[in-house]
Amino acid sequence: MATTPAESLGHPETSFDDRYHEAVENAQLSRNLTTFQQSWRRDRGVIMEEVDFETLRRRMKGAKTDAIDHLDHYLHQFVGQVEQAGTTVHFAADADEATAIIRDIARQRGVKLVAKSKSMVSEEIELNEVLHEDGVEVVETDLGEWIVQLRGERPSHMVMPAIHLARQQVGDVFTQRLGREISRENVQEQVHAAKDAIRDVFFEAGMGITGANALIAESGTVMMVTNEGNGRLTSSIPPVHVVLAGIEKLVPTYEDAITQLRLLARSATAQRLTVYSTFIQGPSPGHEMHLVLVDNGRRTMRELPEFREALHCIRCAACANVCPPYREVGGHVFGHIYSGAIGLVVTPFLHGIDAAAGPQSLCLSCNACETVCPVHIPLPRQILDVRKMVVEQKGMKRAKQVILSAYARPSVANVLLKIGTRAQLPVTRGKPLIRARKLPVLNKQTRWRSLPALARRPLRDRVTTPAPAKDATIPNGAAGKAVALFPGCMTDRLYPEQGQAIVTVLEGLGARVVHPSALHCCGLIPNNSGDVPNAKRMALQTMARLESVGADYIISGSASCVAMMAQDYLHLFRNDPEPLARAEAIAAKVMDFTSFLVNVAQLPAGSLTAPDGAARTVTYHDSCQGLNALGLKAEPRVLIEEVMGDTIVELAENTLCCGFGGSFSFEYPDVSERLMNRKLDNAQATGAPVIVTDNQGCIMHLRGGIDAAGRPMRVRHIAELLAERIEQREGVAGSPPSR
Amino acid sequence: MDHRGDAVTEMGADEALFARFSTRLAAAGGIAHRASTVEEAAKVIAERLTDPAGVIWTSAQVVDAQPDLVAALDRRGCAVRVAGDPASVRDQPLGLALARMAIAETGSVLLHESAIPDRSVSLMTNVLVAVCPLEALRPSLDDAAPVLREISRAHGSYATLVTGPSRTADIERQLTVGVQGPGEMHVVFMPAHSASQATDV
């Protein structure tokens with residue numbers, strides 16, 4: 001077989017680091033997957049419009065919760081029905097038992113050839129290898145599976161196994177393996193060549209093996225969907241039909257199965273319904289049917305409240321289809337056997353912590369997966385819980401641990417940052433950005449983006465005492481409210497002017513702004529690194545500081561910090577009642593800056609337009625934590641377009657992460673750089689001179705990329721735009737600007 | 001449930017349902033026909049034969065449920081033959097199957113083919129025509145649940161919701177029809193009460 005750069009990617013024995021490096025050096029892979037993700041996203045959006053996605057996924061989540069919570073009840077019901085229909089049921093505790101059961105069925109019936117329809121469980125238990133060793137040939141009958149089988153690879157995607165390949169690569173392997181010339185360009189010719197090559201297998205096979213998309217408890221029915229029709233042939237023609245399924249595939253009723261069909265087709269392939277949705281109850285007359293129900297770590301997951309919901313997965317792979325790192329490296333790297341976000345979650349339970357360690361580190365916590373998951377699994381949170389398991393069991397890189405531990409101690413961090421502020425001067429020469437291409441170390445991490453200089457005076461030194469409450473510049477609902485500002489450590493140390501802008505706006509609206517002293521990091525940095533002790537330590541510090549000031553609201557201009565304080569604290573302290581109660585009280589008060597202005601201050605439309613009436617044109621970058629975790633979509637747009645009267649030219653692919661991801665951008669600079677450049681290319685294509693956003697991580701990353709490449713754009717925090725207008729108003733009203 | 005996106009028409013209920021079915025099946029790559037007489041249905045089916053002397057393969061289900069249709073095809077000079085096992089009709093040009101019900105929401109038909117010979121044509125032929133009594137056309141996928149439940153009372157059943165021709169998008173997500181199932185799919189709605197046995201849907 002010809003050797004291509006992607007060749008060893010899909011091989012199980014290749015190490016994670018080698019797979020990663022091969023993937024990032026393979027530009028075609030990223031091109032293939034970019035085209036795929038873009039077209040899927042567009043089609044999925046169209047087909048989802050006809051249904052109420054939130055209602056449907058709530059219903060599906062309800063059905064799966066019922067099924068998993070009452071697993072043994074529904075298993076009992078299902079098995080009773082299945083056996084009444086004449087199917088033999090086998091339970092397999094692990095992969096070895098499952099493969100042995102199927103090998104023995106094949107041996108007893110003298111099966112030498114097996115036709116197989118797509119089954120992720122068969123990949124999980126490495127069934128083909130076991131049967132092959134026993135002298136049984138297994139032929140994959142799904143086109144994508146067959147292609148990867150010919151290439152000696154694993155599927156790189158749960159629904160579209162060969163989506164990492166271009167047609168030319170498919171044509172090459174067909175030509176080689178079929179012994180005749182197959183077009184490298186004509187996909188239809190390729191499909192028909194494959195059809196013809198596979199077709200005899202259905203008639204010659206002694207056994208057909210399929211997966212199951214659902215096990216319907218009420219009737220003992222196996223539901224299986226395929227588009228090609230191979231599943232129906234596999235389950236109809238060979239005399240023995242073996243269904244291989246995880247025990248979590250149960251759904252209570254036909255109604256639940258129908259809900260699953262509606263969601264699965266739309267989420268998996270952006271179809272209304274898969275072409276063949278088949279309901280099999282018992283063997284066909286004259287045939288034999290076996291059902292192998294596999295545990296292999298699922299019951300362990302079920303006992304862990306953090307991971308139980310992962311058993312709700314219907315294997316649509318939508319989580320992979322929106323994942324930014326998946327786009328750059330593919331499922332052979334972003335996953336082990338199961339790929340995409342759900343793959344990162346289930347891998348430690350199905351294949352062990354070593355298999356999970358590398359792939360999980362590729363998640364940049366953008367939360368896009370959760371927004372499209374048709375059963376609303378908290379995937380980003382579960383991936384962080386896997387990361388915490390990895391850190392607990394395998395430790396963290398020493399340097400990273402030292403940095404995190406130092407940073408978790410405010411006094412130490414303070415001293416270090418003060419030293420840094422002076423020490424940087426020879427490099428920065430007082431400028432806000434460091435042209436890091438000139439740095440002798442970290443070149444791979446920084447040659448493509450400039451780094452921000454530490455502010456000479458952090459925000460904490462600029463806003464120490466509360467200013468006397470002012471009259472509101474415009475009538476609004478924030479006037480007179482006590483608001484505690486949580487600036488976030490990046491604002492404090494890197495971008496104090498953004499913190500000051502928030503203060504200007506809030507004070508201009510007549511709010512009484514209080515500044516809790518000695519605030520430090522909210523704990524997001526260690527939390528996202530899987531460092532639970534330091535995350536808890538910093539969260540407790542932050543909560544204590546915030547509790548020390550009485551405030552109606554805790555406001556932050558950093559969407560990431562808000563998501564941490566309002567959502568992640570509750571999970572971090574889920575098993576500690578005392579801090580949990582405090583976290584709940586904090587979460588009830590925390591609000592992001594844009595939500596506060598829209599929902600509490602309720603700024604009237606047109607109240608902050610430019611004095612000369614001229615509308616600015618900007619583009620808006622939705623930060624992942626803002627859009628995906630906090631659901632902020634309308635808020636910033638209301639402020640920019642309605643309140644300030646400016647114009648937004650929307651960014652293409654606005655749901656795609658800018659590639660920052662905190663320490664991710666240092667650990668995976670290749671992926672980070674590509675995502676950043678895609679974001680900046682899309683931003684530049686809008687023609688707007690300014691990118692507005694609400695998150696300091698994105699600001700740092702995008703400004704760095706703009707500076708390093710000399711792009712003609714600026715990045716500004718939305719508070720800076722609003723503060724200018726407030727100051728202009730105050731100037732017009734005759735009072736001096738606040739600062 | 002509410003399925004938005006379709007204009008409310010002033011047509012009769014049957015016509016509106018058929019119109020939606022037709023649109024949705026077309027979106028999946030299939031073609032819907034509505035016959036006002038059995039003769040018209042036979043004509044539509046016969047026209048699918050590229051070779052006028054060719055055979056129309058069908059199942060015992062169709063012969064039992066639509067004897068008038070089979071007779072009408074016969075009068076048109078078509079050779080209607082009942083398939084045996086799947087190998088007997090492998091890659092044959094035209095197959096005729098019986099739909100237990102049709103779903104307008106998705107343009108799907110429900111084939112209830114528990115015996116393998118009944119399944120042969122829908123598995124193997126290149127062009128599949130499913131005939132469905134018009135009264136078995138239902139608006140929503142939700143309507144399939146009680147029918148599937150009824151089917152499974154037999155404790156041994158095989159049923160498929162078929163939505164258009166067999167297809168794949170496994171290579172570069174480019175759509176290609178006609179993989180291991182029929183590459184062309186038609187649904188012919190029969191005039192009301194054309195079936196010899198009342199359908200209980």
# chains A, B, ... in the order shown; residues from 1 in each chain; ligands from 1
$ residues_around --residues "Ala270 of chain A" --least-positions-apart "6" --cutoff "10 Å" --atoms "only C-alpha atoms" --output "list in words"
Ser39, Trp40, Arg41, Arg42, Asp43, Arg44, Gly45, Val46, Ile47, Met48, Leu263, Leu264 and Ala318 of chain A
$ write_last_selection --atoms "C-alpha atoms" --output "compact mmCIF listing (two decimals), in the first residue's frame"
# COMPACT_ATOMS: atom_id res chain seq x y z
CA SER A 39 -21.13 21.74 5.10
CA TRP A 40 -22.50 19.71 8.02
CA ARG A 41 -23.05 22.81 10.12
CA ARG A 42 -24.92 24.54 7.32
CA ASP A 43 -27.14 21.55 6.51
CA ARG A 44 -27.78 20.70 10.12
CA GLY A 45 -28.91 24.26 10.77
CA VAL A 46 -31.46 24.04 7.97
CA ILE A 47 -32.88 20.64 8.94
CA MET A 48 -33.05 21.52 12.64
CA LEU A 263 -32.73 13.64 16.53
CA LEU A 264 -30.26 11.06 15.28
CA ALA A 318 -22.41 15.89 16.25
$ closest_atom_pairs --of "chain B" --to "chain A" --cutoff "9 Å" --atoms "only C-alpha atoms" --output "Markdown table"
| residue | atom | partner | partner_atom | distance |
| --- | --- | --- | --- | --- |
| B:Met1 | CA | A:Val51 | CA | 8.6 |
| B:Asp2 | CA | A:Val51 | CA | 7.1 |
| B:His3 | CA | A:Val51 | CA | 5.7 |
| B:Arg4 | CA | A:Glu50 | CA | 5.0 |
| B:Gly5 | CA | A:Glu50 | CA | 5.7 |
| B:Asp6 | CA | A:Glu50 | CA | 8.8 |
| B:Arg24 | CA | A:Arg272 | CA | 8.7 |
| B:Ala28 | CA | A:Val275 | CA | 8.0 |
| B:Asp85 | CA | A:Ile237 | CA | 8.5 |
| B:Pro86 | CA | A:Ile237 | CA | 7.1 |
| B:Ala87 | CA | A:Phe203 | CA | 7.4 |
| B:Glu105 | CA | A:Arg272 | CA | 8.6 |
| B:Thr106 | CA | A:Arg272 | CA | 6.2 |
| B:Gly107 | CA | A:Leu273 | CA | 9.0 |
| B:Ser108 | CA | A:Leu273 | CA | 8.3 |
| B:Ser114 | CA | A:Ser284 | CA | 6.4 |
| B:Ala115 | CA | A:Pro285 | CA | 6.2 |
| B:Ile116 | CA | A:Ser284 | CA | 6.6 |
| B:Arg119 | CA | A:Ser236 | CA | 8.3 |
| B:Ser120 | CA | A:Ser236 | CA | 8.9 |
| B:Leu123 | CA | A:Leu233 | CA | 6.6 |
| B:Met124 | CA | A:Leu233 | CA | 8.5 |
| B:Leu141 | CA | A:Ile258 | CA | 6.9 |
| B:Asp142 | CA | A:Ile258 | CA | 6.7 |
| B:Ala144 | CA | A:Ile258 | CA | 8.0 |
| B:Ala145 | CA | A:Tyr254 | CA | 5.3 |
| B:Pro146 | CA | A:Tyr254 | CA | 7.8 |
| B:Leu148 | CA | A:Tyr254 | CA | 7.4 |
| B:Arg149 | CA | A:Tyr254 | CA | 7.1 |
| B:Ser152 | CA | A:Ser219 | CA | 6.4 |
| B:Arg153 | CA | A:Ser219 | CA | 7.8 |
| B:Ala154 | CA | A:Ala85 | CA | 8.3 |
| B:His155 | CA | A:Ala85 | CA | 4.6 |
| B:Gly156 | CA | A:Gly282 | CA | 4.8 |
| B:Ser157 | CA | A:Gln281 | CA | 5.0 |
| B:Tyr158 | CA | A:Ile280 | CA | 4.7 |
| B:Ala159 | CA | A:Phe279 | CA | 5.2 |
| B:Thr160 | CA | A:Thr278 | CA | 4.1 |
| B:Leu161 | CA | A:Ser277 | CA | 5.1 |
| B:Val162 | CA | A:Tyr276 | CA | 4.9 |
| B:Thr163 | CA | A:Val275 | CA | 4.5 |
| B:Gly164 | CA | A:Val275 | CA | 6.0 |
| B:Pro165 | CA | A:Val275 | CA | 7.0 |
| B:Ser166 | CA | A:Glu228 | CA | 4.9 |
| B:Arg167 | CA | A:Glu228 | CA | 4.9 |
| B:Thr168 | CA | A:Glu228 | CA | 5.7 |
| B:Ala169 | CA | A:Met160 | CA | 8.0 |
| B:Asp170 | CA | A:Gly144 | CA | 5.3 |
| B:Ile171 | CA | A:Arg167 | CA | 6.3 |
| B:Glu172 | CA | A:Ile163 | CA | 6.1 |
| B:Arg173 | CA | A:Phe36 | CA | 6.7 |
| B:Gln174 | CA | A:Val187 | CA | 7.5 |
| B:Leu175 | CA | A:Gln188 | CA | 8.6 |
| B:Thr176 | CA | A:Gln188 | CA | 6.0 |
| B:Val177 | CA | A:Glu228 | CA | 8.3 |
| B:Gly178 | CA | A:Glu228 | CA | 7.5 |
| B:Val179 | CA | A:Glu228 | CA | 5.3 |
| B:Gln180 | CA | A:Gly229 | CA | 5.1 |
| B:Gly181 | CA | A:Gly229 | CA | 4.7 |
| B:Pro182 | CA | A:Gly229 | CA | 8.2 |
$ residues_around --residues "Leu98 of chain B" --least-positions-apart "4" --cutoff "10 Å" --atoms "only C-alpha atoms" --output "list in words"
Thr58, Ser59, Ala60, Gln61, Val62, Val63, Asp64, Ala65, Gln66, Val109, Leu110, Leu111, His112, Glu113, Asp118, Arg119, Ser122, Val129, Ala130, Val131, Cys132, Pro133, Val187 and Val188 of chain B
$ select_by_dssp --residues "segment 19-158 of chain B" --states "strand (DSSP E or B)" --output "MDAnalysis selection string"
chainID B and resid 31:34 55:58 79:82 94:98 101:103 108:112 127:133 137:138 157:158
$ closest_residue --among "A:Val136, A:Met158, A:Val671, A:Ala683" --to "Ala317 of chain A" --atoms "only C-alpha atoms"
A:Met158
$ atom_distance --atom1 "atom CA of Met538 of chain A" --atom2 "atom CA of Ser517 of chain A"
14.6 Å
$ select_by_dssp --residues "segment 128-275 of chain A" --states "alpha helix (DSSP H)" --output "number ranges by chain"
A: 128-133, 143-150, 167-178, 187-204, 230-236, 254-269
$ atom_distance --atom1 "atom CA of His332 of chain A" --atom2 "atom CA of Asn677 of chain A"
23.6 Å
$ residues_around --residues "segment 53-57 of chain B" --least-positions-apart "6" --cutoff "10 Å" --atoms "only C-alpha atoms" --output "MDAnalysis selection string"
chainID B and resid 45:46 73 77:84 88:89 92:97 120:122 125 128:129
$ residues_around --residues "segment 358-369 of chain A" --least-positions-apart "6" --cutoff "7 Å" --atoms "only C-alpha atoms" --output "MDAnalysis selection string"
chainID A and resid 16 319 322:323 325 333:335 341 344 379:380 383 387 624:625 628:629 657 661 664
$ write_last_selection --atoms "C-alpha atoms" --output "short mmCIF file (atom, residue, chain, number, x, y, z; two decimals), in the first residue's frame"
data_model
loop_
_atom_site.label_atom_id
_atom_site.label_comp_id
_atom_site.auth_asym_id
_atom_site.auth_seq_id
_atom_site.Cartn_x
_atom_site.Cartn_y
_atom_site.Cartn_z
CA PHE A 16 -0.60 9.76 20.65
CA CYS A 319 -19.88 16.69 18.98
CA VAL A 322 -18.39 21.17 15.66
CA CYS A 323 -15.13 20.52 17.48
CA PRO A 325 -9.36 20.70 17.39
CA VAL A 333 -5.97 11.86 17.27
CA PHE A 334 -9.01 13.45 18.89
CA GLY A 335 -10.17 10.19 20.41
CA ALA A 341 -16.02 14.91 22.63
CA LEU A 344 -12.74 11.69 25.22
CA LEU A 379 -19.57 17.00 27.61
CA PRO A 380 -17.22 19.91 28.37
CA ILE A 383 -13.99 16.09 29.68
CA ARG A 387 -8.69 15.54 32.74
CA CYS A 624 -16.92 30.41 23.48
CA GLN A 625 -17.72 30.90 27.14
CA ASN A 628 -21.74 28.39 24.37
CA ALA A 629 -21.54 28.35 28.16
CA CYS A 657 -13.32 29.04 18.72
CA GLY A 661 -8.07 27.83 25.20
CA PHE A 664 -3.95 24.89 25.16
#
$ atom_distance --atom1 "atom CA of Asn296 of chain A" --atom2 "atom CA of Ala93 of chain A"
5.5 Å
$ residues_around --residues "Asp354 of chain A" --least-positions-apart "2" --cutoff "10 Å" --atoms "only C-alpha atoms" --output "list of chain:residue names"
A:Phe16, A:Thr347, A:Pro348, A:His351, A:Gly352, A:Ala356, A:Ala357, A:Gly358, A:Pro359, A:Val390, A:Gln393, A:Lys394
$ residues_around --residues "segment 637-646 of chain A" --least-positions-apart "4" --cutoff "12 Å" --atoms "only C-alpha atoms" --output "number ranges by chain"
A: 474, 593-599, 601-622, 627, 632-633, 650, 688, 690-694, 717-726, 729
